Amino acid sequence: MLLIGPSRIAPRRRRGAAAFLSLATPVSPQPPGAPLVVSGTYGGAPTGIRVAWRQGGSEVGPAVMAGVVAGGAWSATIATPATTGVYTLHAAFEGGGPEAQSGPVTISASGADVVANFTFEGSGLTASNAIALFGHGFAPGDIPAGTPAVLRNADDDTTLYRTQMNVLSTWGDGSVKTALLAGELPALTDGATLAVDFVRGVSHPDPGPALSFASALSGRSAAIKTWAPGNTTTPLWTFDPLAAIGSDRWHEGPLALSTRVETAVPSSAVLNTSDAAGVIESVRLAVDVIVTKDGFLELDVCFSNDRLPFLETTNDPIPTCGIARFGYTIEIDGQVVYDQRPATGAGRDLLQWSQWIRRRGRKADGTALTTHGASNRAFFRPDFDLLVRSGLQLNFDRSKPLASDVEPVNDTTLSDGTRREADPYWPWGLARFAGMTGGRQEIGYRTIAAGTWLRNGSRNGQILTHRQFEAASVRPMYYRDWNFGTWATVDRWPRLSLWSGDSSPAGTLRTSANGLPSDQRPTHNDTDHITIDHAHHGSFNWTPALLAGRRVCYDALAARVAWIGIDAQDRANGNVPGTPYAGQWGWRGLTPDHTTGTAWSQMPWRPQVRSVAWDFRDLVDCAAILPDGYPYRQYYDRSVEAWIASYYEILPETQARHGTGIGLPLYHGSGSHTAAFMYSFVFYGLATALRLGLGGPRLATVAEELAKFRVGCCLSPDFSLQHALSGRDIYLKADPNTSNPADYAQNWAEALARTAAKIAITPADWSNNQGERDWQRNVQSGLALLAEYGPTAEIRAQAMDALVLLRSERWPTNTGITHPATNGDGFFGAFFTMNSVIPERMNWPQDSAPVIPAGQSFSVAATAPVGTLVGTVRFTGAVPRNSAPGRGVEDAWVIVSQPTGNPFRITQGGSLRVNGTLPVPGSYTVQVYCRTFLQNRITDAAVEHRSATVAVTVNVV
């Protein structure tokens, strides 16, 4: 039953808290027959929450009721299955309603103590007992609060390496979510690898004494010096970060100790653009001081020109803010380890709202640590499966290697930057012009560099991830409230917008400031600097924050979220009649409210669709991993909720104009269409939010409306299947500024007519107007995420139907056309960071048979009407395909046998539905198989890859 039914006018109504349910996947493996605490979040008012184990869709063992259901969180204690194998957990509201399912959980008699598998690669530092610094995320329950963990040699399962863990954030049950880690490793020659297990419940027998700065820094020195351009003899200012160390700690333990030292840079330390000292008062210096047991002293140095020129009280002096001209050096033990004095031209000026960041280190014996090549600490390869299982990262299809031209992107970019390390504005592969069209390294769910580090443990990907983070930091994104000591946020700066049309003079009170002074707006250009926008923003900060534990990267995550808010010139007005279409300036008269998005979130339908998507990706990523103790931490969770709420509040207005059948369109830049391939980008952030329970009580409702649109255009017989797959524009109203209800498409037939009036529709034979191949892959990826993580069983079933229908399209006959992009190999190219995103149980290639796990069972009421969803049969491996393209061919799944009268049918996506009169209550067997076809062109031989026939149980109750 499609979610495409027409409804001409939807009544405006008040909306209560939406019911939803989430379930965190426990650590895997687990021992059999042991008590296990499981937990999640909920919305609404359940009378109880029922939890049970399932295997192959059938319940295993007795179900339990959650013992704690309060304040939006629930938990239950359930015994693990007595028999080893792979299971999932299922939770549902008692009496029906929202449900949730965990990822796979392995029950094993041994190995329950292994949390993760890491690999280290030697970088050329061959000394034994070298300290590796890294970070990681964990699934709920992996490492319970207070539980020790240690690195153990994976080859001998015996040798323990000294390990330090500093917890940054925790799950609702108190277990470790993200942590800083340090390990004392044996000597590794350049390129040699060491595989280790991260084992919980075990401590090193001799962890060693905790480091102290007093002993670790004995006999050491450090200095940050600023210099007038061209002067190499007399610094303007010398700052000793070691003398300023206080009580702040980041790393702390026997292997690593770090702290942050922060100070305002005196005006005498920098020049203005007229080369006068003693003027500029807007620069801040933050230095992360890191010492490790092996003798390294590192400084991660950040100059940030971020002070807003506004006041807290009328008695405060007005700061002089502006461009700061200077070079700087980093010295350790009297030796210069970084020198930016050679920079000339634009490289002399730290523009307002930008940062200069460099990290360097040194041992007392002179061994350098640049983090930029052969003198790195050991390179770190994460446990990607664990990151996916934790819900913090979406899966990349790893069934095939990446295309041969992907890794050279990292290599070439690093080679091009040779001898440019001292250029603060060297882009390291990033587009200097933020709005540049075409293929770019930074565009996607992750950047190419970060994606290769995460997926493959790429050495150069790791290096380039850090370089690109530093390059991205020069963009105008850093707006600091020096009074609060936080980034400027929309709730504390309720009128501020960075739009060039808004301006307030320096010295305006914070609560009255509308915009930057006209002479203090960003001055970045696309020749000398790197510009910024919302529509092409890469994920620069998440990966180096999580995998390296680099503190300035966490700062950048938070600064990005704050910038998303204050940069918006048009913000949500709440559910005020007409405001989705006009009246955007009224937000300044409203109080920012994260529960509705009012004056907090962007105004729906004002930004480009990709702006909406990439902003939401970063909002969710930040809320997912930002440390629990980060300043003003609640703001970042609330910003995700505000984004969701702003769309929830306009649903009555949307449905009044579009009906309830087509879901929630996302208009592209206030236009009359949605850029359909960009629409898929939204599901990266949405899938993560659904998995982690971020976004507040409105999440499930908004997710369902977004899914309706994505699924509906594919499944509706009234819309073009090929156009839906193409990712090309879909028009939904006659004119961007219309207010005539008759001009709005209220069903998919009208949407097709509106689209055909504007652009040519992609034809059934794919002969022209196909769009881009990567657009088509984006559409498929978004559907795959909905099929696994969609908010309801019905949405998941329809998304799988749509995915199989689209995957079943073939290239046309004897034309040389290679559209659509359904061939499996194409998902592993330069855009793999978007195209290859897929739930971990699925993959894109079509050269092997899908597998149907045995033992799946479903229940259905004996009175259920025709069309009722009984359940979706799960598979692993290749996504099934129909034997031929187009609507009307639904044989990717086949029922081999079923009860007399054929009471069930199976859809192309594997959903069992009621097909007629159901038999009397009892247990019945339905035998099914599924298949895929290795076939690109219609005239090619179709090589069928068929699963085994598997019995599925249906309980009629």
# chains A, B, ... in the order shown; residues from 1 in each chain; ligands from 1
$ select_by_dssp --residues "region 20-233 of chain A" --states "strand (DSSP E)" --output "VMD selection string"
chain A and resid 20 to 21 35 to 43 49 to 55 58 to 65 68 to 70 73 to 79 85 to 93 99 to 101 105 to 107 114 to 121 130 to 137 149 to 153 160 to 161 163 to 170 176 to 185 193 to 200 222 to 227
$ atom_distance --atom1 "CA of Ala941 (chain A)" --atom2 "CA of Ser883 (chain A)"
11.1 Å
$ closest_residue --among "A:Pro627, A:Pro592, A:Pro317, A:Gly56" --to "Thr178 (chain A)" --atoms "only C-alpha atoms"
A:Pro627
$ residues_around --residues "Ser808 (chain A)" --least-positions-apart "4" --cutoff "6 Å" --atoms "only C-alpha atoms" --output "list in words"
Arg881, Asn882 and Pro885 of chain A
$ write_last_selection --atoms "N, CA and C atoms" --output "mmCIF file, in the first residue's frame"
data_model
loop_
_atom_site.group_PDB
_atom_site.id
_atom_site.type_symbol
_atom_site.label_atom_id
_atom_site.label_comp_id
_atom_site.auth_asym_id
_atom_site.auth_seq_id
_atom_site.Cartn_x
_atom_site.Cartn_y
_atom_site.Cartn_z
ATOM 1 N N ARG A 881 16.983 -7.958 -7.455
ATOM 2 C CA ARG A 881 16.509 -7.259 -8.651
ATOM 3 C C ARG A 881 15.401 -8.070 -9.306
ATOM 4 N N ASN A 882 14.479 -7.364 -9.927
ATOM 5 C CA ASN A 882 13.495 -8.035 -10.765
ATOM 6 C C ASN A 882 14.166 -8.542 -12.035
ATOM 7 N N PRO A 885 13.261 -4.613 -16.278
ATOM 8 C CA PRO A 885 13.002 -3.270 -15.757
ATOM 9 C C PRO A 885 11.534 -2.889 -15.864
#
$ residues_around --residues "Gly345 (chain A)" --least-positions-apart "2" --cutoff "12 Å" --atoms "only C-alpha atoms" --output "list in words"
Pro229, Gly230, Thr273, Arg325, Phe326, Gly327, Arg341, Pro342, Ala343, Gly347, Arg348, Asp349, Leu350, Asp423, Pro424, Tyr425, Thr527, Asp528 and His529 of chain A
$ write_last_selection --atoms "N, CA and C atoms" --output "JSON list (two decimals), in the first residue's frame"
[["chain", "number", "residue", "atom", "x", "y", "z"],
["A", 229, "PRO", "N", 55.97, 40.99, 9.62],
["A", 229, "PRO", "CA", 56.41, 40.43, 8.35],
["A", 229, "PRO", "C", 57.76, 41.01, 7.92],
["A", 230, "GLY", "N", 58.67, 40.13, 7.54],
["A", 230, "GLY", "CA", 60.00, 40.54, 7.09],
["A", 230, "GLY", "C", 61.02, 40.63, 8.21],
["A", 273, "THR", "N", 46.48, 46.27, 9.01],
["A", 273, "THR", "CA", 46.87, 46.25, 7.60],
["A", 273, "THR", "C", 47.62, 47.51, 7.18],
["A", 325, "ARG", "N", 47.95, 41.28, 11.03],
["A", 325, "ARG", "CA", 49.09, 40.98, 10.15],
["A", 325, "ARG", "C", 50.28, 40.54, 11.02],
["A", 326, "PHE", "N", 50.76, 39.33, 10.76],
["A", 326, "PHE", "CA", 51.93, 38.83, 11.51],
["A", 326, "PHE", "C", 52.37, 37.49, 10.93],
["A", 327, "GLY", "N", 53.56, 37.09, 11.29],
["A", 327, "GLY", "CA", 54.01, 35.72, 11.12],
["A", 327, "GLY", "C", 54.21, 35.13, 12.50],
["A", 341, "ARG", "N", 56.98, 32.70, 9.23],
["A", 341, "ARG", "CA", 57.50, 34.00, 8.83],
["A", 341, "ARG", "C", 57.73, 34.13, 7.33],
["A", 342, "PRO", "N", 58.08, 33.03, 6.61],
["A", 342, "PRO", "CA", 58.30, 33.19, 5.17],
["A", 342, "PRO", "C", 57.05, 33.53, 4.37],
["A", 343, "ALA", "N", 55.87, 33.37, 4.96],
["A", 343, "ALA", "CA", 54.64, 33.65, 4.21],
["A", 343, "ALA", "C", 54.61, 35.11, 3.76],
["A", 347, "GLY", "N", 49.30, 35.61, 2.83],
["A", 347, "GLY", "CA", 49.69, 34.74, 3.93],
["A", 347, "GLY", "C", 50.16, 35.49, 5.16],
["A", 348, "ARG", "N", 50.29, 36.81, 5.08],
["A", 348, "ARG", "CA", 50.68, 37.60, 6.26],
["A", 348, "ARG", "C", 49.50, 37.95, 7.14],
["A", 349, "ASP", "N", 48.28, 37.86, 6.60],
["A", 349, "ASP", "CA", 47.11, 38.43, 7.26],
["A", 349, "ASP", "C", 46.16, 37.34, 7.76],
["A", 350, "LEU", "N", 45.97, 37.30, 9.06],
["A", 350, "LEU", "CA", 44.94, 36.45, 9.64],
["A", 350, "LEU", "C", 43.62, 37.22, 9.56],
["A", 423, "ASP", "N", 52.43, 27.98, 4.31],
["A", 423, "ASP", "CA", 51.43, 28.86, 3.69],
["A", 423, "ASP", "C", 50.11, 28.64, 4.41],
["A", 424, "PRO", "N", 49.64, 29.60, 5.19],
["A", 424, "PRO", "CA", 48.43, 29.34, 5.99],
["A", 424, "PRO", "C", 47.18, 29.14, 5.16],
["A", 425, "TYR", "N", 47.19, 29.60, 3.90],
["A", 425, "TYR", "CA", 45.99, 29.49, 3.08],
["A", 425, "TYR", "C", 46.13, 28.45, 1.96],
["A", 527, "THR", "N", 40.87, 33.54, -4.60],
["A", 527, "THR", "CA", 42.20, 33.48, -5.20],
["A", 527, "THR", "C", 43.27, 33.22, -4.16],
["A", 528, "ASP", "N", 43.19, 33.93, -3.05],
["A", 528, "ASP", "CA", 44.22, 33.85, -2.01],
["A", 528, "ASP", "C", 43.77, 33.04, -0.79],
["A", 529, "HIS", "N", 42.47, 32.91, -0.60],
["A", 529, "HIS", "CA", 41.96, 32.33, 0.63],
["A", 529, "HIS", "C", 41.07, 31.13, 0.31]]
$ select_by_dssp --residues "region 462-650 of chain A" --states "alpha helix (DSSP H)" --output "VMD selection string"
chain A and resid 462 to 472 542 to 548 551 to 567 609 to 625 634 to 649
$ closest_residue --among "A:Ala70, A:Leu651, A:Val291, A:Leu308" --to "Leu509 (chain A)" --atoms "only C-alpha atoms"
A:Leu308
$ closest_residue --among "A:Asp940, A:Glu442, A:Asp729, A:Asp825" --to "Arg777 (chain A)" --atoms "only C-alpha atoms"
A:Asp825
$ closest_residue --among "A:Asn514, A:Gln441, A:Ser102, A:Ser175" --to "Gly829 (chain A)" --atoms "only C-alpha atoms"
A:Gln441
$ closest_residue --among "A:Glu121, A:Asp774, A:Asp306, A:Glu421" --to "Arg381 (chain A)" --atoms "only C-alpha atoms"
A:Glu121
$ residues_around --residues "Phe831 (chain A)" --least-positions-apart "4" --cutoff "9 Å" --atoms "only C-alpha atoms" --output "PyMOL selection string"
chain A and resi 406+439-441+443-444+448+774+827+835-836
$ residues_around --residues "region 712-728 of chain A" --least-positions-apart "5" --cutoff "7 Å" --atoms "only C-alpha atoms" --output "PDB file with N, CA and C atoms, in the first residue's frame"
ATOM      1  N   LEU A   3       2.308   5.081   0.119  1.00  0.00           N
ATOM      2  CA  LEU A   3       2.011   6.298   0.879  1.00  0.00           C
ATOM      3  C   LEU A   3       1.816   7.459  -0.094  1.00  0.00           C
ATOM      4  N   ILE A   4       0.847   7.329  -0.968  1.00  0.00           N
ATOM      5  CA  ILE A   4       0.673   8.339  -2.010  1.00  0.00           C
ATOM      6  C   ILE A   4      -0.785   8.734  -2.176  1.00  0.00           C
ATOM      7  N   ILE A 662       2.030  13.331  -0.734  1.00  0.00           N
ATOM      8  CA  ILE A 662       3.383  13.346  -1.300  1.00  0.00           C
ATOM      9  C   ILE A 662       4.461  13.570  -0.252  1.00  0.00           C
ATOM     10  N   ALA A 675      15.695  19.656  -5.817  1.00  0.00           N
ATOM     11  CA  ALA A 675      16.791  18.999  -6.530  1.00  0.00           C
ATOM     12  C   ALA A 675      16.851  17.575  -5.986  1.00  0.00           C
ATOM     13  N   ALA A 676      16.312  16.632  -6.742  1.00  0.00           N
ATOM     14  CA  ALA A 676      15.987  15.317  -6.184  1.00  0.00           C
ATOM     15  C   ALA A 676      17.215  14.533  -5.754  1.00  0.00           C
ATOM     16  N   PHE A 677      18.344  14.660  -6.453  1.00  0.00           N
ATOM     17  CA  PHE A 677      19.520  13.914  -5.993  1.00  0.00           C
ATOM     18  C   PHE A 677      20.031  14.488  -4.685  1.00  0.00           C
ATOM     19  N   TRP A 748       1.016  12.823  -7.096  1.00  0.00           N
ATOM     20  CA  TRP A 748       2.167  12.613  -7.971  1.00  0.00           C
ATOM     21  C   TRP A 748       1.828  12.835  -9.443  1.00  0.00           C
ATOM     22  N   ALA A 749       0.581  12.668  -9.821  1.00  0.00           N
ATOM     23  CA  ALA A 749       0.204  12.995 -11.202  1.00  0.00           C
ATOM     24  C   ALA A 749       0.377  14.482 -11.453  1.00  0.00           C
ATOM     25  N   LEU A 752       4.085  15.329 -11.675  1.00  0.00           N
ATOM     26  CA  LEU A 752       4.635  15.003 -12.992  1.00  0.00           C
ATOM     27  C   LEU A 752       4.260  16.073 -14.010  1.00  0.00           C
ATOM     28  N   ILE A 761      11.068  15.214 -19.193  1.00  0.00           N
ATOM     29  CA  ILE A 761      11.030  14.066 -18.297  1.00  0.00           C
ATOM     30  C   ILE A 761      11.985  12.990 -18.812  1.00  0.00           C
ATOM     31  N   THR A 762      12.679  12.333 -17.936  1.00  0.00           N
ATOM     32  CA  THR A 762      13.540  11.220 -18.332  1.00  0.00           C
ATOM     33  C   THR A 762      12.675  10.115 -18.930  1.00  0.00           C
ATOM     34  N   PRO A 763      12.950   9.705 -20.158  1.00  0.00           N
ATOM     35  CA  PRO A 763      12.077   8.720 -20.802  1.00  0.00           C
ATOM     36  C   PRO A 763      12.323   7.304 -20.294  1.00  0.00           C
ATOM     37  N   ALA A 764      11.364   6.429 -20.565  1.00  0.00           N
ATOM     38  CA  ALA A 764      11.444   5.048 -20.096  1.00  0.00           C
ATOM     39  C   ALA A 764      12.630   4.307 -20.700  1.00  0.00           C
ATOM     40  N   GLN A 770      19.060  12.044 -18.753  1.00  0.00           N
ATOM     41  CA  GLN A 770      19.239  11.015 -17.722  1.00  0.00           C
ATOM     42  C   GLN A 770      19.740  11.562 -16.391  1.00  0.00           C
ATOM     43  N   GLY A 771      20.282  12.782 -16.377  1.00  0.00           N
ATOM     44  CA  GLY A 771      20.955  13.248 -15.179  1.00  0.00           C
ATOM     45  C   GLY A 771      22.347  12.642 -15.077  1.00  0.00           C
ATOM     46  N   TRP A 775      24.211  11.070  -9.351  1.00  0.00           N
ATOM     47  CA  TRP A 775      22.903  11.441  -8.819  1.00  0.00           C
ATOM     48  C   TRP A 775      22.050  10.189  -8.618  1.00  0.00           C
ATOM     49  N   GLN A 776      22.076   9.313  -9.620  1.00  0.00           N
ATOM     50  CA  GLN A 776      21.271   8.097  -9.563  1.00  0.00           C
ATOM     51  C   GLN A 776      21.727   7.192  -8.412  1.00  0.00           C
ATOM     52  N   VAL A 779      20.389   8.546  -5.105  1.00  0.00           N
ATOM     53  CA  VAL A 779      18.991   8.182  -4.864  1.00  0.00           C
ATOM     54  C   VAL A 779      18.906   6.772  -4.281  1.00  0.00           C
ATOM     55  N   ALA A 802      10.940   0.258  -3.301  1.00  0.00           N
ATOM     56  CA  ALA A 802      11.423   1.287  -4.225  1.00  0.00           C
ATOM     57  C   ALA A 802      12.861   1.023  -4.632  1.00  0.00           C
ATOM     58  N   LEU A 806      14.104   0.401  -8.493  1.00  0.00           N
ATOM     59  CA  LEU A 806      15.112   1.227  -9.155  1.00  0.00           C
ATOM     60  C   LEU A 806      16.326   0.411  -9.557  1.00  0.00           C
TER      61      LEU A 806
END
